[in-house]
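A.B. asks: Got a structure here, written out as structure tokens. Questions coming.
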Amino acid sequence: KTLKVLTEGFDRYSECYFGRSFADSPEIDGKVFFSAPERIEPGSFVDVMVDEVVEYDVYGRVVPSQA
């Protein structure tokens with residue numbers, strides 16, 4: 001599945017970006033962690049293809065926007 005994700009920042013520990021989808025509430029729900037081929041600024045929306053779900057968090061990768 002592909003999710004539209006609001007980028008919140010870069011996690012140096014896991015070396016990937018993180019953000020949340022429209023269904024995720026800040027400070028309550030898990031995060032969407034994702035890799036990207038280029039730098040992404042916080043506040044940017046990206047399409048993330050989900051590869052894995054672990055407990056409360058989702059992991060994936062940026063895919064080209066289908067606008």
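By order in the structure tokens, chains are A, B, ...; within a chain, residues start at 1; ligands start at 1, following the order shown.
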Just list the residues in chain A DSSP gives strand (DSSP E) on the backbone, as a PyMOL selection string.
C.D. replies: chain A and resi 2-11+16-21+32-35+45-54+57-63
A.B. asks: Would you pick out the contacts of Gly43 of chain A at 7 Å or less, using only C-alpha atoms, so that residues sharing its chain but fewer than 5 positions from it are not included, and give the list as a PDB file with all heavy atoms, in the first residue's frame?
C.D. replies:
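Written out: out_36.pdb:
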ATOM      1  N   LEU A   6       3.486  13.134   5.644  1.00  0.00           N
ATOM      2  CA  LEU A   6       4.053  14.439   5.957  1.00  0.00           C
ATOM      3  C   LEU A   6       5.406  14.191   6.621  1.00  0.00           C
ATOM      4  O   LEU A   6       5.475  13.579   7.690  1.00  0.00           O
ATOM      5  CB  LEU A   6       3.138  15.207   6.913  1.00  0.00           C
ATOM      6  CG  LEU A   6       3.695  16.513   7.482  1.00  0.00           C
ATOM      7  CD1 LEU A   6       3.950  17.521   6.361  1.00  0.00           C
ATOM      8  CD2 LEU A   6       2.746  17.083   8.515  1.00  0.00           C
ATOM      9  N   THR A   7       6.481  14.651   6.004  1.00  0.00           N
ATOM     10  CA  THR A   7       7.829  14.453   6.536  1.00  0.00           C
ATOM     11  C   THR A   7       8.044  15.355   7.744  1.00  0.00           C
ATOM     12  O   THR A   7       7.821  16.555   7.674  1.00  0.00           O
ATOM     13  CB  THR A   7       8.885  14.771   5.465  1.00  0.00           C
ATOM     14  OG1 THR A   7       8.618  13.987   4.303  1.00  0.00           O
ATOM     15  CG2 THR A   7      10.284  14.481   5.968  1.00  0.00           C
ATOM     16  N   GLU A   8       8.490  14.735   8.858  1.00  0.00           N
ATOM     17  CA  GLU A   8       8.743  15.505  10.070  1.00  0.00           C
ATOM     18  C   GLU A   8      10.231  15.699  10.351  1.00  0.00           C
ATOM     19  O   GLU A   8      10.607  16.639  11.040  1.00  0.00           O
ATOM     20  CB  GLU A   8       8.082  14.832  11.269  1.00  0.00           C
ATOM     21  CG  GLU A   8       6.570  14.821  11.156  1.00  0.00           C
ATOM     22  CD  GLU A   8       5.909  14.195  12.355  1.00  0.00           C
ATOM     23  OE1 GLU A   8       6.190  13.006  12.630  1.00  0.00           O
ATOM     24  OE2 GLU A   8       5.132  14.900  13.021  1.00  0.00           O
TER      25      GLU A   8
END
A.B. asks: Could you pull the residues within 6 Å of Phe33 of chain A, counting only C-alpha atoms, minus those fewer than 3 positions along the same chain, as number ranges by chain?
C.D. replies: A: 17-18, 59
A.B. asks: Might you pull out every residue within 9 Å of Val5 of chain A, with only C-alpha atoms counted and same-chain residues fewer than 2 positions away left off, and present them as a list of chain:residue names?
C.D. replies: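 The filter keeps A:Leu3, A:Thr7, A:Phe18, A:Gly19, A:Arg20, A:Ser21, A:Phe22, A:Val32, A:Ser44, A:Phe45, A:Val46, A:Asp47, A:Val48.
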A.B. asks: Find the residue from A:Ala23, A:Lys1, A:Asp11, A:Gly30 that sits nearest to Tyr56 of chain A; use only C-alpha atoms when measuring.
C.D. replies: A:Gly30
A.B. asks: Could you state the separation of atom CA of Ile28 of chain A and atom CA of Ser65 of chain A in Å, given to one decimal place?
C.D. replies: 27.4 Å
A.B. asks: Return the single residue from A:Tyr13, A:Glu55, A:Val50, A:Arg61 that is closest to Ser35 of chain A, with distances computed using only C-alpha atoms.
C.D. replies: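 Of A:Tyr13, A:Glu55, A:Val50, A:Arg61, the one nearest Ser35 of chain A is A:Arg61, counting only C-alpha atoms.
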A.B. asks: Using only C-alpha atoms, which of the listed residues (A:Pro64, A:Asp57, A:Thr2, A:Glu52) sits closest to Pro37 of chain A?
C.D. replies: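 So, comparing all the options, the nearest one is A:Pro64.
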A.B. asks: State, in Å with one decimal place, the distance from atom CA of Ser25 of chain A to atom CA of Val63 of chain A.
C.D. replies: 23.1 Å
